[in-house]
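Taking it in order: structure first as C-alpha cells, then the write-up.
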Amino acid sequence: GKVPAQTKASDSDVQSASEAESDYDELARTHRQELKAKRSKKPKLAEPAEFADALTSILAQDPRTPQAPIMAKNQVRAQQIKEEKLNYRARKALVEERRLLMSKDRVVPTLENFDHERRLRKTATRGVIKLFNVVRAQQTELDQINETQNLQAEKVAEMSKSKFLDLLKAKTS
C-alpha cells in the first residue's frame, strides 16, 4: 500500500510545479506587455496654441545675443538671466548706497563759505607737506644706516681666509 501513496504525492508535486510554471509564464507575459507599452508611448505633442506662443517668442528674440534662451520649454537660461539681472541691480543699489554714505557730510563750496573752505584747504596742504617731510627724513635716516651696514658687510666680505688668519696671528703675537 505504500507504493500508490508515493505516486499520488508525486502527481500532486507535478500539478503544483505546472501551476507555478503557468503563474511564472503569466507574470512574464504581463511584464513584457508593460515594457512594450512603455516603449511604444509617443511623446506628448504641444497644443497648437502653445506651439504658436513658443514660435513667436523664439522669432521675437534677437539671435545675435548669446544670452537669449532659444528653447521655449528650456527655462533654465531664462531663469539664469533673471538671477543675473537681480544680482546686477542689487550690486548697483549697494554701490549707490555706499556713494551716498560717503558723500553724506560733503559740503559743496559756495561763495558764502569760500573763505572757510580756503582755510581748510591750506591747513590740509600744510599737514600733507609735514607728513611727506617726516617720511623723507625717515627714509634718508634708513638709507644712512643701510650704507654703514653695507660698508661693514663689504669689509667682512673682502677679508679672505688667509687675511683673517694673518690678522689672528698678528693679534696673538
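Labels for the C-alpha cells follow display order: chains A, B, ..., residues from 1 in each chain, ligands from 1.
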
(request) Among the residues of range 65-138 of chain A, find those DSSP assigns to helix (DSSP H, G or I) from the backbone and print them as JSON, numbers by chain. (result) {"A": [76, 77, 78, 79, 80, 81, 82, 83, 84, 85, 86, 87, 88, 89, 90, 91, 92, 93, 94, 95, 96, 97, 98, 99, 100, 101, 102, 114, 115, 116, 117, 118, 119, 120, 121, 122, 123, 124, 125, 126, 127, 128, 129, 130, 131, 132, 133, 134, 135, 136, 137, 138]}

Create the file for the chosen residues now, containing C-alpha atoms and written as a compact mmCIF listing (two decimals), in the first residue's frame.
# COMPACT_ATOMS: atom_id res chain seq x y z
CA VAL A 76 16.99 77.28 -17.19
CA ARG A 77 18.73 80.02 -19.19
CA ALA A 78 15.78 82.40 -18.78
CA GLN A 79 15.97 81.84 -15.01
CA GLN A 80 19.74 82.47 -15.07
CA ILE A 81 19.19 85.75 -16.92
CA LYS A 82 16.62 86.84 -14.33
CA GLU A 83 19.03 85.99 -11.50
CA GLU A 84 21.87 87.88 -13.22
CA LYS A 85 19.64 90.94 -13.61
CA LEU A 86 18.65 90.78 -9.94
CA ASN A 87 22.29 90.43 -8.85
CA TYR A 88 23.28 93.36 -11.08
CA ARG A 89 20.52 95.55 -9.67
CA ALA A 90 21.43 94.57 -6.09
CA ARG A 91 25.13 95.39 -6.66
CA LYS A 92 24.21 98.68 -8.30
CA ALA A 93 21.97 99.59 -5.36
CA LEU A 94 24.78 98.76 -2.89
CA VAL A 95 27.27 100.89 -4.81
CA GLU A 96 24.82 103.79 -4.91
CA GLU A 97 24.16 103.42 -1.18
CA ARG A 98 27.91 103.48 -0.44
CA ARG A 99 28.38 106.52 -2.65
CA LEU A 100 25.58 108.37 -0.85
CA LEU A 101 27.03 107.36 2.53
CA MET A 102 30.49 108.61 1.56
CA PHE A 114 34.58 130.25 0.35
CA ASP A 115 36.96 131.73 2.99
CA HIS A 116 36.33 128.86 5.39
CA GLU A 117 36.97 126.26 2.65
CA ARG A 118 40.19 128.04 1.62
CA ARG A 119 41.47 127.96 5.22
CA LEU A 120 40.64 124.24 5.45
CA ARG A 121 42.46 123.58 2.17
CA LYS A 122 45.57 125.46 3.35
CA THR A 123 45.58 123.53 6.65
CA ALA A 124 45.28 120.22 4.81
CA THR A 125 48.11 121.19 2.45
CA ARG A 126 50.37 122.08 5.37
CA GLY A 127 49.59 118.75 7.05
CA VAL A 128 50.39 116.77 3.91
CA ILE A 129 53.68 118.67 3.44
CA LYS A 130 54.68 117.91 7.05
CA LEU A 131 53.81 114.24 6.56
CA PHE A 132 55.92 113.97 3.40
CA ASN A 133 58.84 115.74 5.10
CA VAL A 134 58.76 113.29 8.01
CA VAL A 135 58.61 110.32 5.62
CA ARG A 136 61.56 111.67 3.60
CA ALA A 137 63.61 112.26 6.79
CA GLN A 138 62.92 108.70 7.93

(request) Please measure the separation of CA of Ser22 in chain A and CA of Arg39 in chain A, giving the value in Å to one decimal. (result)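 One can read the CA of Ser22 in chain A to CA of Arg39 in chain A distance as 25.7 Å.
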